[in-house]
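Coordinates as given in protein_37.tsv (TSV, N, CA and C atoms and all ligand atoms):
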```
chain	number	residue	atom	x	y	z
A	197	MET	N	39.15	111.71	111.55
A	197	MET	CA	38.01	111.29	110.74
A	197	MET	C	37.79	112.30	109.62
A	198	GLU	N	37.71	111.82	108.39
A	198	GLU	CA	37.42	112.71	107.27
A	198	GLU	C	36.47	112.02	106.31
A	199	CYS	N	35.86	112.80	105.43
A	199	CYS	CA	34.91	112.26	104.47
A	199	CYS	C	35.65	111.33	103.50
A	200	PRO	N	35.17	110.08	103.33
A	200	PRO	CA	35.85	109.15	102.41
A	200	PRO	C	35.65	109.53	100.95
A	201	TYR	N	34.71	110.45	100.67
A	201	TYR	CA	34.42	110.80	99.28
A	201	TYR	C	35.21	112.03	98.84
A	202	CYS	N	35.25	113.07	99.70
A	202	CYS	CA	35.94	114.30	99.30
A	202	CYS	C	37.05	114.69	100.26
A	203	GLN	N	37.32	113.86	101.27
A	203	GLN	CA	38.38	114.09	102.24
A	203	GLN	C	38.20	115.36	103.07
A	204	SER	N	36.99	115.90	103.06
A	204	SER	CA	36.71	117.05	103.93
A	204	SER	C	36.74	116.61	105.39
A	205	GLU	N	37.15	117.52	106.26
A	205	GLU	CA	37.07	117.20	107.69
A	205	GLU	C	35.86	117.84	108.34
A	206	LYS	N	35.04	118.51	107.52
A	206	LYS	CA	33.82	119.13	108.06
A	206	LYS	C	32.69	118.11	108.03
A	207	ILE	N	32.65	117.28	109.06
A	207	ILE	CA	31.64	116.23	109.10
A	207	ILE	C	30.79	116.35	110.35
A	208	LEU	N	29.55	115.94	110.22
A	208	LEU	CA	28.59	115.98	111.33
A	208	LEU	C	28.28	114.57	111.76
A	209	LYS	N	28.07	114.38	113.07
A	209	LYS	CA	27.61	113.08	113.54
A	209	LYS	C	26.11	112.98	113.33
A	210	ARG	N	25.68	111.86	112.80
A	210	ARG	CA	24.26	111.67	112.47
A	210	ARG	C	23.70	110.40	113.09
A	211	GLY	N	23.94	110.21	114.36
A	211	GLY	CA	23.37	109.03	115.02
A	211	GLY	C	24.16	107.77	114.75
A	212	PHE	N	23.52	106.63	114.97
A	212	PHE	CA	24.22	105.36	114.90
A	212	PHE	C	23.47	104.35	114.05
A	213	ASP	N	24.23	103.48	113.40
A	213	ASP	CA	23.67	102.27	112.80
A	213	ASP	C	23.87	101.15	113.80
A	214	SER	N	22.89	100.26	113.96
A	214	SER	CA	23.16	99.12	114.83
A	214	SER	C	23.28	97.85	114.00
A	215	LEU	N	24.27	97.06	114.36
A	215	LEU	CA	24.52	95.81	113.66
A	215	LEU	C	23.70	94.69	114.30
A	216	GLN	N	23.73	93.52	113.65
A	216	GLN	CA	22.94	92.39	114.14
A	216	GLN	C	23.28	92.00	115.58
A	217	ASP	N	24.55	92.17	115.95
A	217	ASP	CA	24.94	91.76	117.30
A	217	ASP	C	24.80	92.90	118.29
A	218	GLY	N	24.22	94.02	117.87
A	218	GLY	CA	23.99	95.13	118.79
A	218	GLY	C	25.12	96.15	118.79
A	219	THR	N	26.20	95.90	118.06
A	219	THR	CA	27.28	96.87	117.97
A	219	THR	C	26.76	98.15	117.30
A	220	LEU	N	27.08	99.29	117.88
A	220	LEU	CA	26.67	100.55	117.27
A	220	LEU	C	27.83	101.12	116.45
A	221	VAL	N	27.50	101.59	115.26
A	221	VAL	CA	28.50	102.19	114.39
A	221	VAL	C	28.12	103.65	114.17
A	222	GLN	N	29.03	104.55	114.48
A	222	GLN	CA	28.75	105.99	114.31
A	222	GLN	C	28.51	106.33	112.85
A	223	ARG	N	27.44	107.07	112.59
A	223	ARG	CA	27.16	107.53	111.23
A	223	ARG	C	27.52	109.00	111.12
A	224	TYR	N	27.94	109.41	109.93
A	224	TYR	CA	28.35	110.80	109.71
A	224	TYR	C	27.72	111.33	108.43
A	225	GLN	N	27.65	112.67	108.35
A	225	GLN	CA	27.30	113.31	107.09
A	225	GLN	C	28.32	114.41	106.83
A	226	CYS	N	28.76	114.48	105.57
A	226	CYS	CA	29.77	115.47	105.19
A	226	CYS	C	29.10	116.81	104.90
A	227	LYS	N	29.62	117.90	105.46
A	227	LYS	CA	29.03	119.21	105.22
A	227	LYS	C	29.38	119.74	103.84
A	228	ASP	N	30.44	119.24	103.24
A	228	ASP	CA	30.86	119.74	101.93
A	228	ASP	C	30.13	119.05	100.78
A	229	CYS	N	30.07	117.71	100.81
A	229	CYS	CA	29.43	117.01	99.69
A	229	CYS	C	28.08	116.42	100.09
A	230	ASN	N	27.72	116.54	101.37
A	230	ASN	CA	26.42	116.05	101.86
A	230	ASN	C	26.23	114.54	101.80
A	231	ARG	N	27.29	113.80	101.50
A	231	ARG	CA	27.13	112.34	101.46
A	231	ARG	C	27.19	111.79	102.87
A	232	ARG	N	26.48	110.68	103.06
A	232	ARG	CA	26.46	110.04	104.36
A	232	ARG	C	27.37	108.83	104.35
A	233	PHE	N	27.97	108.56	105.47
A	233	PHE	CA	28.85	107.41	105.57
A	233	PHE	C	28.94	107.03	107.04
A	234	ASN	N	29.58	105.90	107.32
A	234	ASN	CA	29.79	105.54	108.72
A	234	ASN	C	31.24	105.13	108.91
A	235	GLU	N	31.55	104.72	110.13
A	235	GLU	CA	32.93	104.38	110.48
A	235	GLU	C	33.54	103.35	109.54
A	236	ARG	N	32.68	102.53	108.96
A	236	ARG	CA	33.20	101.43	108.15
A	236	ARG	C	33.30	101.78	106.67
A	237	THR	N	32.77	102.91	106.26
A	237	THR	CA	32.82	103.26	104.84
A	237	THR	C	34.27	103.29	104.37
A	238	GLY	N	34.51	102.66	103.24
A	238	GLY	CA	35.87	102.66	102.71
A	238	GLY	C	36.70	101.49	103.20
A	239	THR	N	36.16	100.66	104.07
A	239	THR	CA	36.86	99.47	104.52
A	239	THR	C	36.17	98.25	103.91
A	240	PRO	N	36.84	97.10	103.91
A	240	PRO	CA	36.19	95.89	103.36
A	240	PRO	C	34.91	95.54	104.10
A	241	MET	N	34.74	96.04	105.32
A	241	MET	CA	33.57	95.70	106.12
A	241	MET	C	32.42	96.68	105.91
A	242	ALA	N	32.60	97.63	105.00
A	242	ALA	CA	31.67	98.76	104.92
A	242	ALA	C	30.21	98.37	104.85
A	243	ARG	N	29.86	97.40	104.03
A	243	ARG	CA	28.45	97.11	103.83
A	243	ARG	C	27.98	95.86	104.57
A	244	LEU	N	28.82	95.34	105.41
A	244	LEU	CA	28.42	94.15	106.15
A	244	LEU	C	27.61	94.55	107.37
A	245	ARG	N	26.62	93.75	107.70
A	245	ARG	CA	25.78	94.03	108.86
A	245	ARG	C	26.22	93.21	110.06
A	246	THR	N	27.34	92.55	109.95
A	246	THR	CA	27.84	91.72	111.03
A	246	THR	C	29.08	92.39	111.61
A	247	ALA	N	29.30	92.21	112.90
A	247	ALA	CA	30.48	92.79	113.52
A	247	ALA	C	31.73	92.34	112.77
A	248	SER	N	32.64	93.27	112.53
A	248	SER	CA	33.82	92.95	111.74
A	248	SER	C	34.67	91.88	112.42
A	249	SER	N	34.62	91.81	113.76
A	249	SER	CA	35.41	90.78	114.45
A	249	SER	C	34.92	89.38	114.07
A	250	VAL	N	33.60	89.22	113.95
A	250	VAL	CA	33.05	87.91	113.58
A	250	VAL	C	33.50	87.55	112.16
A	251	VAL	N	33.42	88.52	111.26
A	251	VAL	CA	33.83	88.27	109.88
A	251	VAL	C	35.30	87.88	109.83
A	252	SER	N	36.15	88.62	110.55
A	252	SER	CA	37.57	88.30	110.44
A	252	SER	C	37.89	86.96	111.09
A	253	TYR	N	37.20	86.60	112.19
A	253	TYR	CA	37.43	85.27	112.78
A	253	TYR	C	37.03	84.17	111.79
A	254	ALA	N	35.90	84.39	111.13
A	254	ALA	CA	35.40	83.38	110.18
A	254	ALA	C	36.39	83.22	109.02
A	255	ILE	N	36.87	84.35	108.50
A	255	ILE	CA	37.81	84.28	107.38
A	255	ILE	C	39.13	83.64	107.82
A	256	LYS	N	39.54	83.98	109.05
A	256	LYS	CA	40.76	83.38	109.59
A	256	LYS	C	40.61	81.86	109.68
A	257	ALA	N	39.44	81.43	110.19
A	257	ALA	CA	39.19	79.99	110.31
A	257	ALA	C	39.27	79.33	108.94
A	258	ARG	N	38.74	79.99	107.93
A	258	ARG	CA	38.77	79.45	106.57
A	258	ARG	C	40.20	79.37	106.04
A	259	THR	N	41.00	80.39	106.30
A	259	THR	CA	42.38	80.36	105.82
A	259	THR	C	43.19	79.30	106.57
A	260	GLU	N	42.73	78.94	107.79
A	260	GLU	CA	43.40	77.88	108.54
A	260	GLU	C	42.91	76.50	108.12
A	261	GLY	N	42.02	76.45	107.17
A	261	GLY	CA	41.61	75.17	106.62
A	261	GLY	C	40.23	74.69	107.01
A	262	MET	N	39.49	75.48	107.79
A	262	MET	CA	38.14	75.05	108.16
A	262	MET	C	37.23	75.09	106.92
A	263	GLY	N	36.37	74.09	106.76
A	263	GLY	CA	35.47	74.05	105.62
A	263	GLY	C	34.43	75.16	105.72
A	264	VAL	N	33.88	75.52	104.57
A	264	VAL	CA	32.95	76.65	104.56
A	264	VAL	C	31.69	76.34	105.36
A	265	ARG	N	31.24	75.06	105.32
A	265	ARG	CA	30.04	74.71	106.09
A	265	ARG	C	30.33	74.67	107.59
A	266	SER	N	31.50	74.16	107.97
A	266	SER	CA	31.87	74.15	109.39
A	266	SER	C	31.99	75.57	109.90
A	267	ALA	N	32.59	76.43	109.08
A	267	ALA	CA	32.74	77.83	109.48
A	267	ALA	C	31.37	78.46	109.68
A	268	GLY	N	30.44	78.16	108.78
A	268	GLY	CA	29.08	78.68	108.91
A	268	GLY	C	28.43	78.24	110.21
A	269	ARG	N	28.59	76.93	110.53
A	269	ARG	CA	28.01	76.42	111.78
A	269	ARG	C	28.66	77.07	112.98
A	270	THR	N	29.98	77.18	112.94
A	270	THR	CA	30.73	77.72	114.08
A	270	THR	C	30.33	79.16	114.37
A	271	PHE	N	30.13	79.94	113.31
A	271	PHE	CA	29.87	81.36	113.51
A	271	PHE	C	28.39	81.73	113.36
A	272	GLY	N	27.54	80.68	113.26
A	272	GLY	CA	26.11	80.93	113.24
A	272	GLY	C	25.61	81.59	111.97
A	273	LYS	N	26.33	81.36	110.86
A	273	LYS	CA	25.93	81.93	109.57
A	273	LYS	C	25.74	80.80	108.58
A	274	SER	N	25.05	81.09	107.47
A	274	SER	CA	24.95	80.08	106.43
A	274	SER	C	26.25	80.03	105.65
A	275	HIS	N	26.52	78.90	104.98
A	275	HIS	CA	27.77	78.80	104.25
A	275	HIS	C	27.80	79.79	103.08
A	276	THR	N	26.62	80.18	102.58
A	276	THR	CA	26.60	81.18	101.50
A	276	THR	C	27.05	82.54	102.02
A	277	THR	N	26.71	82.83	103.29
A	277	THR	CA	27.17	84.09	103.88
A	277	THR	C	28.69	84.10	103.98
A	278	ILE	N	29.24	82.99	104.44
A	278	ILE	CA	30.71	82.89	104.56
A	278	ILE	C	31.36	83.09	103.19
A	279	MET	N	30.78	82.46	102.17
A	279	MET	CA	31.37	82.59	100.82
A	279	MET	C	31.25	84.02	100.32
A	280	ARG	N	30.16	84.70	100.67
A	280	ARG	CA	29.98	86.09	100.24
A	280	ARG	C	31.04	86.99	100.90
A	281	TRP	N	31.31	86.74	102.19
A	281	TRP	CA	32.36	87.51	102.87
A	281	TRP	C	33.70	87.30	102.19
A	282	GLU	N	33.98	86.04	101.87
A	282	GLU	CA	35.28	85.74	101.24
A	282	GLU	C	35.42	86.47	99.91
A	283	LYS	N	34.35	86.43	99.12
A	283	LYS	CA	34.40	87.08	97.82
A	283	LYS	C	34.61	88.58	97.98
A	284	ARG	N	33.88	89.17	98.93
A	284	ARG	CA	33.97	90.60	99.17
A	284	ARG	C	35.40	90.98	99.57
A	285	LEU	N	35.97	90.21	100.47
A	285	LEU	CA	37.32	90.53	100.93
A	285	LEU	C	38.36	90.28	99.85
A	286	ALA	N	38.12	89.26	99.03
A	286	ALA	CA	39.04	88.98	97.93
A	286	ALA	C	39.01	90.12	96.92
A	287	ASP	N	37.80	90.62	96.63
A	287	ASP	CA	37.67	91.75	95.70
A	287	ASP	C	38.42	92.96	96.22
A	288	GLN	N	38.25	93.19	97.54
A	288	GLN	CA	38.93	94.33	98.16
A	288	GLN	C	40.44	94.16	98.12
A	289	ALA	N	40.89	92.93	98.36
A	289	ALA	CA	42.32	92.68	98.44
A	289	ALA	C	43.01	92.97	97.11
A	290	GLN	N	42.28	92.73	96.01
A	290	GLN	CA	42.85	93.00	94.69
A	290	GLN	C	43.09	94.49	94.48
A	291	ASN	N	42.26	95.31	95.13
A	291	ASN	CA	42.41	96.76	94.97
A	291	ASN	C	43.34	97.36	96.01
A	292	TRP	N	43.79	96.50	96.90
A	292	TRP	CA	44.58	97.00	98.02
A	292	TRP	C	46.05	96.73	97.76
A	293	SER	N	46.89	97.72	98.01
A	293	SER	CA	48.32	97.49	97.93
A	293	SER	C	48.97	98.00	99.20
A	294	PRO	N	50.02	97.36	99.64
A	294	PRO	CA	50.62	97.77	100.91
A	294	PRO	C	51.19	99.18	100.82
A	295	PRO	N	51.13	99.92	101.93
A	295	PRO	CA	51.69	101.28	101.91
A	295	PRO	C	53.20	101.25	101.65
A	296	ARG	N	53.67	102.21	100.89
A	296	ARG	CA	55.09	102.24	100.58
A	296	ARG	C	55.88	102.76	101.78
A	297	THR	N	57.02	102.17	102.00
A	297	THR	CA	57.89	102.67	103.05
A	297	THR	C	59.14	103.24	102.40
A	298	SER	N	59.44	104.47	102.71
A	298	SER	CA	60.57	105.13	102.06
A	298	SER	C	61.82	105.07	102.92
A	299	SER	N	61.67	104.56	104.15
A	299	SER	CA	62.80	104.61	105.09
A	299	SER	C	63.53	103.28	105.16
A	300	LEU	N	63.95	102.76	104.05
A	300	LEU	CA	64.68	101.50	104.08
A	300	LEU	C	66.19	101.74	103.94
B	1	ZN	ZN	32.51	114.95	101.54
```
Would you kindly transcribe this structure into structure tokens?
Ligand SMILES: [Zn+2]
Amino acid sequence: MECPYCQSEKILKRGFDSLQDGTLVQRYQCKDCNRRFNERTGTPMARLRTASSVVSYAIKARTEGMGVRSAGRTFGKSHTTIMRWEKRLADQAQNWSPPRTSSL
């Protein structure tokens, strides 16, 4: 675990954030830059308040052809929430590139 902002490994545990489904996410504070972050900072799920497993199941269902309203009903969210997740993940995907492998 290192600071996502300055890559320092001098980090302190600062309690937990709880998500809507009761999942606890460890929160940290960096001793070098004093910024706070949690386990999800720097991932596409960073600012979501829903368990990442629910989000990924919903997105998977959508990529398998489920309609946005059906997905909302299935996962107990509004269809606007589902669309917001999709947009967020699409934005992230544009900034993401696969790691290079040098051992080919
Ligand atoms: Zn830092």
With the cut-off set at 7 Å and counting only N, CA and C atoms and all ligand atoms, tabulate each residue of chain A with an atom at most that distance from an atom of ligand ZN 1 (chain B), showing the nearest atom pair and its distance in Å to one decimal, ordered by chain and increasing number, as a Markdown table.
```
| residue | atom | partner | partner_atom | distance |
| --- | --- | --- | --- | --- |
| A:Glu198 | C | B:ZN1 | ZN | 6.9 |
| A:Cys199 | CA | B:ZN1 | ZN | 4.6 |
| A:Pro200 | N | B:ZN1 | ZN | 5.8 |
| A:Tyr201 | C | B:ZN1 | ZN | 4.8 |
| A:Cys202 | N | B:ZN1 | ZN | 3.8 |
| A:Gln203 | N | B:ZN1 | ZN | 4.9 |
| A:Ser204 | N | B:ZN1 | ZN | 4.8 |
| A:Gln225 | C | B:ZN1 | ZN | 6.8 |
| A:Cys226 | CA | B:ZN1 | ZN | 4.6 |
| A:Lys227 | N | B:ZN1 | ZN | 5.7 |
| A:Asp228 | C | B:ZN1 | ZN | 4.8 |
| A:Cys229 | N | B:ZN1 | ZN | 3.8 |
| A:Asn230 | N | B:ZN1 | ZN | 5.0 |
| A:Arg231 | N | B:ZN1 | ZN | 5.3 |
```
Notebook entry, point to check: Taking the backbone alone, and naming residues the way the document does, which bits of chain A are strand (DSSP E or B) by DSSP, as number ranges by chain?
Noted result: A: 207-214, 220-226, 232-234
Next item on the list: Compile the contact shell of range 259-267 of chain A as a PyMOL selection string: residues with an atom at most 9 Å away, counting only C-alpha atoms, same-chain residues fewer than 6 positions apart removed.
Entry: chain A and resi 273-276+278-279
Note to self: If you run DSSP on the backbone here, which positions in chain A get helix (DSSP H, G or I)? Please write them as a PyMOL selection string.
What the structure shows: chain A and resi 248-259+264-271+275-291
Dump as a JSON list (two decimals), in the frame of the given file, selection limited to N, CA and C atoms:
```json
[["chain", "number", "residue", "atom", "x", "y", "z"],
["A", 248, "SER", "N", 32.64, 93.27, 112.53],
["A", 248, "SER", "CA", 33.82, 92.95, 111.74],
["A", 248, "SER", "C", 34.67, 91.88, 112.42],
["A", 249, "SER", "N", 34.62, 91.81, 113.76],
["A", 249, "SER", "CA", 35.41, 90.78, 114.45],
["A", 249, "SER", "C", 34.92, 89.38, 114.07],
["A", 250, "VAL", "N", 33.60, 89.22, 113.95],
["A", 250, "VAL", "CA", 33.05, 87.91, 113.58],
["A", 250, "VAL", "C", 33.50, 87.55, 112.16],
["A", 251, "VAL", "N", 33.42, 88.52, 111.26],
["A", 251, "VAL", "CA", 33.83, 88.27, 109.88],
["A", 251, "VAL", "C", 35.30, 87.88, 109.83],
["A", 252, "SER", "N", 36.15, 88.62, 110.55],
["A", 252, "SER", "CA", 37.57, 88.30, 110.44],
["A", 252, "SER", "C", 37.89, 86.96, 111.09],
["A", 253, "TYR", "N", 37.20, 86.60, 112.19],
["A", 253, "TYR", "CA", 37.43, 85.27, 112.78],
["A", 253, "TYR", "C", 37.03, 84.17, 111.79],
["A", 254, "ALA", "N", 35.90, 84.39, 111.13],
["A", 254, "ALA", "CA", 35.40, 83.38, 110.18],
["A", 254, "ALA", "C", 36.39, 83.22, 109.02],
["A", 255, "ILE", "N", 36.87, 84.35, 108.50],
["A", 255, "ILE", "CA", 37.81, 84.28, 107.38],
["A", 255, "ILE", "C", 39.13, 83.64, 107.82],
["A", 256, "LYS", "N", 39.54, 83.98, 109.05],
["A", 256, "LYS", "CA", 40.76, 83.38, 109.59],
["A", 256, "LYS", "C", 40.61, 81.86, 109.68],
["A", 257, "ALA", "N", 39.44, 81.43, 110.19],
["A", 257, "ALA", "CA", 39.19, 79.99, 110.31],
["A", 257, "ALA", "C", 39.27, 79.33, 108.94],
["A", 258, "ARG", "N", 38.74, 79.99, 107.93],
["A", 258, "ARG", "CA", 38.77, 79.45, 106.57],
["A", 258, "ARG", "C", 40.20, 79.37, 106.04],
["A", 259, "THR", "N", 41.00, 80.39, 106.30],
["A", 259, "THR", "CA", 42.38, 80.36, 105.82],
["A", 259, "THR", "C", 43.19, 79.30, 106.57],
["A", 264, "VAL", "N", 33.88, 75.52, 104.57],
["A", 264, "VAL", "CA", 32.95, 76.65, 104.56],
["A", 264, "VAL", "C", 31.69, 76.34, 105.36],
["A", 265, "ARG", "N", 31.24, 75.06, 105.32],
["A", 265, "ARG", "CA", 30.04, 74.71, 106.09],
["A", 265, "ARG", "C", 30.33, 74.67, 107.59],
["A", 266, "SER", "N", 31.50, 74.16, 107.97],
["A", 266, "SER", "CA", 31.87, 74.15, 109.39],
["A", 266, "SER", "C", 31.99, 75.57, 109.90],
["A", 267, "ALA", "N", 32.59, 76.43, 109.08],
["A", 267, "ALA", "CA", 32.74, 77.83, 109.48],
["A", 267, "ALA", "C", 31.37, 78.46, 109.68],
["A", 268, "GLY", "N", 30.44, 78.16, 108.78],
["A", 268, "GLY", "CA", 29.08, 78.68, 108.91],
["A", 268, "GLY", "C", 28.43, 78.24, 110.21],
["A", 269, "ARG", "N", 28.59, 76.93, 110.53],
["A", 269, "ARG", "CA", 28.01, 76.42, 111.78],
["A", 269, "ARG", "C", 28.66, 77.07, 112.98],
["A", 270, "THR", "N", 29.98, 77.18, 112.94],
["A", 270, "THR", "CA", 30.73, 77.72, 114.08],
["A", 270, "THR", "C", 30.33, 79.16, 114.37],
["A", 271, "PHE", "N", 30.13, 79.94, 113.31],
["A", 271, "PHE", "CA", 29.87, 81.36, 113.51],
["A", 271, "PHE", "C", 28.39, 81.73, 113.36],
["A", 275, "HIS", "N", 26.52, 78.90, 104.98],
["A", 275, "HIS", "CA", 27.77, 78.80, 104.25],
["A", 275, "HIS", "C", 27.80, 79.79, 103.08],
["A", 276, "THR", "N", 26.62, 80.18, 102.58],
["A", 276, "THR", "CA", 26.60, 81.18, 101.50],
["A", 276, "THR", "C", 27.05, 82.54, 102.02],
["A", 277, "THR", "N", 26.71, 82.83, 103.29],
["A", 277, "THR", "CA", 27.17, 84.09, 103.88],
["A", 277, "THR", "C", 28.69, 84.10, 103.98],
["A", 278, "ILE", "N", 29.24, 82.99, 104.44],
["A", 278, "ILE", "CA", 30.71, 82.89, 104.56],
["A", 278, "ILE", "C", 31.36, 83.09, 103.19],
["A", 279, "MET", "N", 30.78, 82.46, 102.17],
["A", 279, "MET", "CA", 31.37, 82.59, 100.82],
["A", 279, "MET", "C", 31.25, 84.02, 100.32],
["A", 280, "ARG", "N", 30.16, 84.70, 100.67],
["A", 280, "ARG", "CA", 29.98, 86.09, 100.24],
["A", 280, "ARG", "C", 31.04, 86.99, 100.90],
["A", 281, "TRP", "N", 31.31, 86.74, 102.19],
["A", 281, "TRP", "CA", 32.36, 87.51, 102.87],
["A", 281, "TRP", "C", 33.70, 87.30, 102.19],
["A", 282, "GLU", "N", 33.98, 86.04, 101.87],
["A", 282, "GLU", "CA", 35.28, 85.74, 101.24],
["A", 282, "GLU", "C", 35.42, 86.47, 99.91],
["A", 283, "LYS", "N", 34.35, 86.43, 99.12],
["A", 283, "LYS", "CA", 34.40, 87.08, 97.82],
["A", 283, "LYS", "C", 34.61, 88.58, 97.98],
["A", 284, "ARG", "N", 33.88, 89.17, 98.93],
["A", 284, "ARG", "CA", 33.97, 90.60, 99.17],
["A", 284, "ARG", "C", 35.40, 90.98, 99.57],
["A", 285, "LEU", "N", 35.97, 90.21, 100.47],
["A", 285, "LEU", "CA", 37.32, 90.53, 100.93],
["A", 285, "LEU", "C", 38.36, 90.28, 99.85],
["A", 286, "ALA", "N", 38.12, 89.26, 99.03],
["A", 286, "ALA", "CA", 39.04, 88.98, 97.93],
["A", 286, "ALA", "C", 39.01, 90.12, 96.92],
["A", 287, "ASP", "N", 37.80, 90.62, 96.63],
["A", 287, "ASP", "CA", 37.67, 91.75, 95.70],
["A", 287, "ASP", "C", 38.42, 92.96, 96.22],
["A", 288, "GLN", "N", 38.25, 93.19, 97.54],
["A", 288, "GLN", "CA", 38.93, 94.33, 98.16],
["A", 288, "GLN", "C", 40.44, 94.16, 98.12],
["A", 289, "ALA", "N", 40.89, 92.93, 98.36],
["A", 289, "ALA", "CA", 42.32, 92.68, 98.44],
["A", 289, "ALA", "C", 43.01, 92.97, 97.11],
["A", 290, "GLN", "N", 42.28, 92.73, 96.01],
["A", 290, "GLN", "CA", 42.85, 93.00, 94.69],
["A", 290, "GLN", "C", 43.09, 94.49, 94.48],
["A", 291, "ASN", "N", 42.26, 95.31, 95.13],
["A", 291, "ASN", "CA", 42.41, 96.76, 94.97],
["A", 291, "ASN", "C", 43.34, 97.36, 96.01]]
```
Check: If we count only C-alpha atoms, what is near Phe271 in chain A at a cut-off of 9 Å, once residues fewer than 5 positions away on the same chain are taken out, given as a list of chain:residue names?
Finding: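 These residues fall inside the cut-off: A:Val250, A:Val251, A:Tyr253, A:Ala254, A:Ser266.
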Check: With distances taken over all atoms listed in the file, which of A:Thr277, A:Gln222, A:Gln216, A:Ser252 is nearest to Arg236 in chain A?
Finding: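 So, comparing all the options, the nearest one is A:Gln222.
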Next item on the list: Within 7 Å of Glu235 in chain A, counting all atoms listed in the file, which residues show up once you throw out same-chain ones fewer than 6 positions away? Write them as a PyMOL selection string, please.
Entry: chain A and resi 221-224+242
Next item on the list: For atom N of Thr246 in chain A and atom C of Leu215 in chain A, quote the distance in Å rounded to one decimal.
Entry: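 Computing it gives 6.1 Å between the two atoms.
The space between atom N of Ser214 in chain A and atom N of Asn234 in chain A spans 11.0 Å.
Note that the spacing between atom C of Lys283 in chain A and atom C of Asp213 in chain A amounts to 22.9 Å.
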